[in-house]
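Have a look at entry_1.txt; it's compact mmCIF, C-alpha atoms and all ligand atoms:
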# COMPACT_ATOMS: atom_id res chain seq x y z
CA MET A 1 -8.10 15.00 -8.13
CA ARG A 2 -6.14 12.11 -6.68
CA LYS A 3 -8.03 9.30 -5.03
CA ARG A 4 -8.13 8.93 -1.26
CA ILE A 5 -7.69 5.31 -0.21
CA VAL A 6 -7.64 3.22 2.92
CA ALA A 7 -6.02 -0.17 2.32
CA GLY A 8 -5.72 -3.02 4.79
CA ASN A 9 -2.72 -5.34 4.82
CA TRP A 10 -3.72 -8.47 6.69
CA LYS A 11 -0.18 -9.89 6.45
CA MET A 12 0.02 -13.57 7.50
CA ASN A 13 -3.16 -13.53 9.58
CA LYS A 14 -6.57 -15.21 9.39
CA THR A 15 -7.51 -18.70 8.25
CA LEU A 16 -9.64 -18.87 5.13
CA LYS A 17 -12.85 -19.04 7.16
CA GLU A 18 -11.81 -16.14 9.41
CA GLY A 19 -10.77 -14.11 6.40
CA ILE A 20 -14.12 -14.57 4.68
CA GLU A 21 -15.89 -13.53 7.89
CA LEU A 22 -13.72 -10.44 8.25
CA ALA A 23 -14.30 -9.44 4.62
CA LYS A 24 -18.07 -9.76 5.14
CA GLU A 25 -17.93 -7.69 8.33
CA ILE A 26 -15.91 -5.00 6.58
CA GLU A 27 -18.39 -4.93 3.71
CA LEU A 28 -21.32 -4.48 6.08
CA GLN A 29 -19.57 -1.48 7.56
CA VAL A 30 -18.49 0.00 4.24
CA GLU A 31 -22.08 -0.20 2.95
CA LYS A 32 -22.92 2.40 5.59
CA GLN A 33 -20.12 4.71 4.50
CA GLU A 34 -21.46 8.05 3.38
CA ASP A 35 -18.50 9.26 1.38
CA LYS A 36 -18.30 6.70 -1.44
CA SER A 37 -15.38 8.53 -3.05
CA ILE A 38 -12.93 6.92 -0.61
CA GLY A 39 -11.41 3.75 -2.03
CA VAL A 40 -11.37 0.73 0.26
CA ILE A 41 -8.91 -2.09 -0.41
CA ILE A 42 -8.22 -5.25 1.56
CA GLY A 43 -4.89 -7.01 1.11
CA THR A 44 -5.49 -10.65 1.94
CA PRO A 45 -3.16 -13.64 1.90
CA PHE A 46 -2.98 -15.39 -1.50
CA ILE A 47 -5.24 -18.27 -0.55
CA HIS A 48 -8.09 -15.92 0.38
CA LEU A 49 -8.10 -13.91 -2.82
CA SER A 50 -10.50 -15.88 -5.01
CA GLU A 51 -12.93 -16.78 -2.21
CA VAL A 52 -13.12 -13.22 -0.91
CA SER A 53 -13.43 -11.99 -4.48
CA LYS A 54 -16.55 -14.12 -4.95
CA ILE A 55 -18.38 -12.80 -1.89
CA ILE A 56 -17.65 -9.08 -1.83
CA ASN A 57 -19.22 -6.25 -3.77
CA HIS A 58 -16.39 -5.01 -5.94
CA ASN A 59 -18.07 -1.60 -6.21
CA LEU A 60 -17.46 -1.14 -2.48
CA ILE A 61 -14.23 -2.99 -1.82
CA SER A 62 -11.26 -3.97 -3.98
CA ILE A 63 -8.86 -6.76 -3.24
CA ALA A 64 -5.07 -6.70 -3.18
CA ALA A 65 -2.48 -9.42 -3.01
CA GLN A 66 0.44 -8.77 -0.66
CA ASN A 67 3.16 -9.80 -3.07
CA CYS A 68 3.73 -11.36 -6.49
CA SER A 69 6.52 -13.28 -8.14
CA SER A 70 9.27 -11.47 -10.02
CA GLU A 71 8.95 -14.14 -12.72
CA PRO A 72 6.03 -14.40 -15.15
CA LYS A 73 5.47 -18.18 -14.97
CA GLY A 74 7.12 -21.58 -14.90
CA ALA A 75 9.22 -23.71 -12.58
CA PHE A 76 9.30 -21.47 -9.49
CA THR A 77 7.95 -23.70 -6.74
CA GLY A 78 5.80 -21.87 -4.23
CA GLU A 79 5.58 -18.63 -6.19
CA VAL A 80 2.40 -16.86 -7.30
CA SER A 81 2.45 -14.85 -10.53
CA ALA A 82 0.82 -11.52 -11.27
CA GLU A 83 -1.28 -13.29 -13.92
CA MET A 84 -2.61 -15.75 -11.32
CA ILE A 85 -3.45 -12.89 -8.95
CA LYS A 86 -5.29 -11.09 -11.70
CA SER A 87 -7.33 -14.24 -12.43
CA THR A 88 -8.77 -14.19 -8.88
CA GLY A 89 -10.45 -10.82 -9.36
CA ALA A 90 -7.86 -8.87 -7.35
CA LYS A 91 -7.12 -5.40 -8.72
CA TYR A 92 -4.09 -4.39 -6.66
CA VAL A 93 -0.84 -5.89 -5.44
CA ILE A 94 1.35 -4.63 -2.61
CA ILE A 95 4.99 -4.59 -3.75
CA GLY A 96 8.12 -3.75 -1.81
CA HIS A 97 6.75 -4.02 1.70
CA SER A 98 9.55 -3.60 4.24
CA GLU A 99 8.87 -7.12 5.54
CA ARG A 100 9.59 -8.48 2.05
CA ARG A 101 12.71 -6.30 1.85
CA SER A 102 14.09 -7.35 5.24
CA TYR A 103 12.95 -10.98 5.74
CA PHE A 104 13.09 -12.11 2.12
CA ASP A 105 16.02 -10.00 0.94
CA GLU A 106 14.09 -8.35 -1.87
CA ASP A 107 15.90 -5.44 -3.44
CA ASN A 108 14.72 -2.55 -5.59
CA LYS A 109 15.68 -4.40 -8.78
CA THR A 110 13.42 -7.33 -7.85
CA MET A 111 10.61 -4.94 -6.93
CA ASN A 112 10.99 -3.25 -10.29
CA LYS A 113 10.50 -6.58 -12.10
CA LYS A 114 7.40 -7.28 -10.01
CA VAL A 115 5.95 -3.85 -10.71
CA LYS A 116 6.33 -4.35 -14.47
CA LEU A 117 4.75 -7.81 -14.41
CA ALA A 118 1.85 -6.49 -12.31
CA LEU A 119 1.29 -3.60 -14.72
CA GLU A 120 1.39 -5.95 -17.71
CA GLN A 121 -1.52 -7.82 -16.13
CA GLY A 122 -3.47 -4.64 -15.42
CA LEU A 123 -2.91 -4.88 -11.67
CA LYS A 124 -2.20 -1.64 -9.81
CA PRO A 125 0.90 -1.81 -7.61
CA ILE A 126 0.83 -0.34 -4.11
CA PHE A 127 4.55 0.35 -3.86
CA CYS A 128 5.99 0.64 -0.34
CA ILE A 129 8.99 2.75 0.61
CA GLY A 130 10.41 3.91 3.91
CA GLU A 131 13.52 4.16 6.04
CA LEU A 132 14.84 2.12 8.97
CA LEU A 133 15.19 3.62 12.44
CA ASP A 134 18.97 3.93 12.12
CA GLU A 135 18.59 5.71 8.81
CA ARG A 136 16.20 8.24 10.37
CA LYS A 137 18.53 8.75 13.31
CA GLN A 138 21.26 9.61 10.82
CA ASN A 139 18.84 11.90 8.95
CA LYS A 140 19.16 9.73 5.82
CA GLN A 141 15.43 9.15 5.34
CA PHE A 142 15.12 11.35 2.26
CA ASP A 143 18.10 9.72 0.52
CA VAL A 144 16.75 6.25 1.29
CA VAL A 145 13.31 6.99 -0.12
CA ASN A 146 14.82 8.72 -3.15
CA LYS A 147 16.93 5.63 -3.91
CA GLN A 148 13.98 3.26 -3.46
CA LEU A 149 11.90 5.29 -5.90
CA ASN A 150 14.73 5.74 -8.39
CA GLU A 151 15.64 2.08 -8.54
CA GLY A 152 12.16 0.67 -8.06
CA LEU A 153 9.89 2.89 -10.12
CA PHE A 154 11.34 5.87 -11.90
CA ASP A 155 12.13 4.02 -15.13
CA LEU A 156 8.39 3.57 -15.74
CA THR A 157 6.72 5.54 -18.52
CA ASP A 158 4.30 8.34 -17.61
CA GLU A 159 1.38 6.07 -18.41
CA GLU A 160 2.73 3.22 -16.28
CA PHE A 161 3.60 5.45 -13.34
CA SER A 162 0.10 6.91 -13.34
CA LYS A 163 -1.19 3.50 -12.22
CA ILE A 164 1.04 3.36 -9.12
CA ILE A 165 -0.09 4.00 -5.56
CA LEU A 166 2.74 4.89 -3.19
CA ALA A 167 2.82 3.95 0.47
CA TYR A 168 5.30 5.63 2.79
CA GLU A 169 5.89 3.26 5.67
CA PRO A 170 8.73 4.24 8.01
CA VAL A 171 9.98 0.85 9.16
CA TRP A 172 10.40 2.04 12.77
CA ALA A 173 6.64 2.70 12.90
CA ILE A 174 5.45 -0.66 11.57
CA GLY A 175 3.83 -2.81 14.23
CA THR A 176 5.68 -0.91 16.95
CA GLY A 177 2.88 1.32 18.18
CA GLU A 178 5.14 4.27 17.40
CA THR A 179 3.60 6.41 14.66
CA ALA A 180 5.26 9.10 12.59
CA THR A 181 4.01 12.48 13.76
CA PRO A 182 1.66 14.22 11.33
CA GLN A 183 4.52 16.66 10.63
CA GLN A 184 6.98 13.84 9.84
CA ALA A 185 4.43 12.18 7.55
CA GLN A 186 3.57 15.42 5.75
CA GLU A 187 7.22 16.36 5.33
CA MET A 188 8.05 13.02 3.69
CA HIS A 189 4.90 12.86 1.56
CA GLU A 190 5.60 16.37 0.27
CA TYR A 191 9.16 15.32 -0.56
CA ILE A 192 7.92 12.19 -2.38
CA ARG A 193 5.45 14.25 -4.42
CA LYS A 194 8.25 16.65 -5.33
CA LEU A 195 10.37 13.74 -6.58
CA VAL A 196 7.47 12.46 -8.69
CA SER A 197 7.02 15.92 -10.13
CA GLU A 198 10.73 16.19 -10.99
CA ASN A 199 10.86 12.74 -12.57
CA TYR A 200 7.50 12.96 -14.34
CA ASN A 201 5.50 16.17 -14.17
CA ALA A 202 3.39 18.28 -11.83
CA GLU A 203 0.11 16.81 -13.06
CA ILE A 204 1.19 13.21 -12.47
CA ALA A 205 2.56 14.18 -9.04
CA ASP A 206 -0.68 15.88 -8.15
CA ASN A 207 -2.67 12.81 -9.16
CA THR A 208 -0.51 10.28 -7.30
CA THR A 209 -2.10 8.78 -4.21
CA ILE A 210 0.44 8.58 -1.37
CA LEU A 211 -0.62 6.50 1.64
CA TYR A 212 0.90 6.53 5.10
CA GLY A 213 1.53 3.23 6.90
CA GLY A 214 2.94 2.39 10.32
CA SER A 215 0.83 2.02 13.47
CA CYS A 216 -2.01 3.96 11.89
CA LYS A 217 -5.12 3.41 14.00
CA PRO A 218 -8.48 5.02 14.82
CA SER A 219 -6.89 7.30 17.41
CA ASN A 220 -4.34 8.88 15.07
CA ALA A 221 -5.76 8.45 11.54
CA GLN A 222 -7.57 11.76 11.57
CA GLU A 223 -4.51 13.89 12.34
CA LEU A 224 -2.45 11.98 9.79
CA PHE A 225 -5.06 12.19 7.02
CA ALA A 226 -5.59 15.91 7.68
CA ASN A 227 -2.26 16.62 5.97
CA ILE A 228 -2.48 17.87 2.44
CA ASP A 229 -0.12 15.27 0.98
CA VAL A 230 -1.38 12.28 2.99
CA ASP A 231 -4.05 10.63 0.86
CA GLY A 232 -4.96 7.78 3.18
CA GLY A 233 -3.37 4.82 4.86
CA LEU A 234 -1.97 1.33 4.50
CA ILE A 235 -3.13 -0.34 7.67
CA GLY A 236 -1.68 -3.48 9.27
CA GLY A 237 -2.88 -4.49 12.74
CA ALA A 238 -5.92 -2.23 12.81
CA SER A 239 -7.22 -3.68 9.52
CA LEU A 240 -7.86 -7.02 11.24
CA LYS A 241 -10.81 -5.61 13.17
CA ALA A 242 -13.73 -4.43 11.03
CA ASP A 243 -14.75 -1.70 13.50
CA ASP A 244 -11.26 -0.20 13.73
CA PHE A 245 -10.74 -0.39 9.99
CA PHE A 246 -14.05 1.35 9.36
CA GLU A 247 -13.25 4.06 11.88
CA ILE A 248 -10.03 4.71 9.99
CA ILE A 249 -11.93 4.88 6.68
CA ASN A 250 -14.15 7.49 8.29
CA SER A 251 -11.22 9.57 9.51
CA PHE A 252 -10.92 11.90 6.51
P1 LIG A 301 0.87 -1.73 11.33
O1 LIG A 301 -0.34 -0.87 11.00
O2 LIG A 301 0.50 -2.98 12.05
O3 LIG A 301 1.94 -0.93 12.00
O4 LIG A 301 1.46 -2.21 9.91
C1 LIG A 301 1.64 -1.29 8.91
C2 LIG A 301 1.99 -2.00 7.67
O5 LIG A 301 3.02 -2.62 7.56
C3 LIG A 301 1.01 -1.98 6.57
O6 LIG A 301 1.54 -2.51 5.41

Would you write the structure of this file as structure tokens?
Amino acid sequence: MRKRIVAGNWKMNKTLKEGIELAKEIELQVEKQEDKSIGVIIGTPFIHLSEVSKIINHNLISIAAQNCSSEPKGAFTGEVSAEMIKSTGAKYVIIGHSERRSYFDEDNKTMNKKVKLALEQGLKPIFCIGELLDERKQNKQFDVVNKQLNEGLFDLTDEEFSKIILAYEPVWAIGTGETATPQQAQEMHEYIRKLVSENYNAEIADNTTILYGGSCKPSNAQELFANIDVDGGLIGGASLKADDFFEIINSF
């Protein structure tokens, strides 16, 4: 059985003090959660990772970085390596977010290097894919996602790929308030699972967690998560409020 997960992506929000407070609030809520089988992850900015790691119960909440360097170590001013992330106690790293792709010109080849470095360190990548609005209008969304997966991930071995979490985030739905309909999400998640099955095998595809991201909030999480191939969410804005985030966790 694949794992159901709700992951927060705080993006570039919260000072260190605010971040610690938010993590504590989320933990208080998650302690009350009845269904402990749902994985809860918070993706904090780099500078929060080690402090948040010290104060949370890792049996309840795991921590993710939002990015890592495509280089292992050395003279790369301002970069943070997968090894450094691992040393903070983080278990996951978000790779290939559309904001990294568009604002920082990261391509699938760069993402692929990051994924391999993360895996070498025992970090689990949360790999983001998804089409732009124009691409959807031209009905190219399936080709786009196929290319992102082919160039970013599909050269991994079976064992490596089994550690990947996928996040389908249609770019037109991120931070816009416009969410993919449950049908659009299901259709794409089913397609992604089919690609995984073709490139690996049915068992690996069946075990792969595929999250939906893009204006997912308490009011729509339930109808999105009700789809057979939607295994949870990658939450931006709504992960910055403990109550909203918890409501989403409880939406299965
Ligand atoms: P929003 O939930 O704010 O639309 O952001 C989604 C996202 O980008 C998560 O990675």

Residues of chain A that approach ligand LIG 301 (chain A) to 7 Å or less, counting only C-alpha atoms and all ligand atoms: could you list each one with the shortest pair of atoms and its distance in Å to one decimal, rows by chain and increasing residue number, as CSV?
residue,atom,partner,partner_atom,distance
A:Asn9,CA,A:LIG301,O6,5.1
A:His97,CA,A:LIG301,O6,6.6
A:Glu169,CA,A:LIG301,O5,6.8
A:Ala173,CA,A:LIG301,O3,6.0
A:Ile174,CA,A:LIG301,O3,3.5
A:Gly175,CA,A:LIG301,O3,3.5
A:Thr176,CA,A:LIG301,O3,6.2
A:Gly177,CA,A:LIG301,O3,6.6
A:Gly213,CA,A:LIG301,C1,4.9
A:Gly214,CA,A:LIG301,O3,3.9
A:Ser215,CA,A:LIG301,O3,3.5
A:Cys216,CA,A:LIG301,O1,5.2
A:Leu234,CA,A:LIG301,C3,4.9
A:Ile235,CA,A:LIG301,O1,4.4
A:Gly236,CA,A:LIG301,O1,3.4
A:Gly237,CA,A:LIG301,O2,3.8
A:Ala238,CA,A:LIG301,O1,6.0

Give as a count of residues only every residue, naming chains and numbers as the document does, that has an atom within 12 Å of (9.5, -2.0, -10.2), counting all atoms listed in the file.
41

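Look at Ile5 of chain A: the protein and nucleic acid residues within 7 Å of it, using only C-alpha atoms and passing over chain neighbours fewer than 4 places away, are Ile38, Gly39, Val40, Asp231, Gly232 and Gly233 of chain A.
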
Mind writing the picked residues with C-alpha atoms as a JSON list (two decimals), in the coordinates of the input?
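Final output, selection-v6.json:
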[["chain", "number", "residue", "atom", "x", "y", "z"],
["A", 38, "ILE", "CA", -12.93, 6.92, -0.61],
["A", 39, "GLY", "CA", -11.41, 3.75, -2.03],
["A", 40, "VAL", "CA", -11.37, 0.73, 0.26],
["A", 231, "ASP", "CA", -4.05, 10.63, 0.86],
["A", 232, "GLY", "CA", -4.96, 7.78, 3.18],
["A", 233, "GLY", "CA", -3.37, 4.82, 4.86]]

Find the distance between atom CA of Tyr200 of chain A and atom CA of Lys36 of chain A and write it in Å to one decimal.
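Calculated distance between atom CA of Tyr200 of chain A and atom CA of Lys36 of chain A is 29.5 Å.
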
Once you count all atoms listed in the file, which residues end up no further than 12 Å from (-0.4, 8.5, 3.8) in the file's frame, shown as a ChimeraX atom specification?
/A:3-7,126,128-130,165-170,179-190,192-193,208-216,220-235,252

Minimum-distance residue to Val52 of chain A, chosen among A:Thr77, A:Asn146, A:Gln66, A:Thr88 (using only C-alpha atoms):
A:Thr88
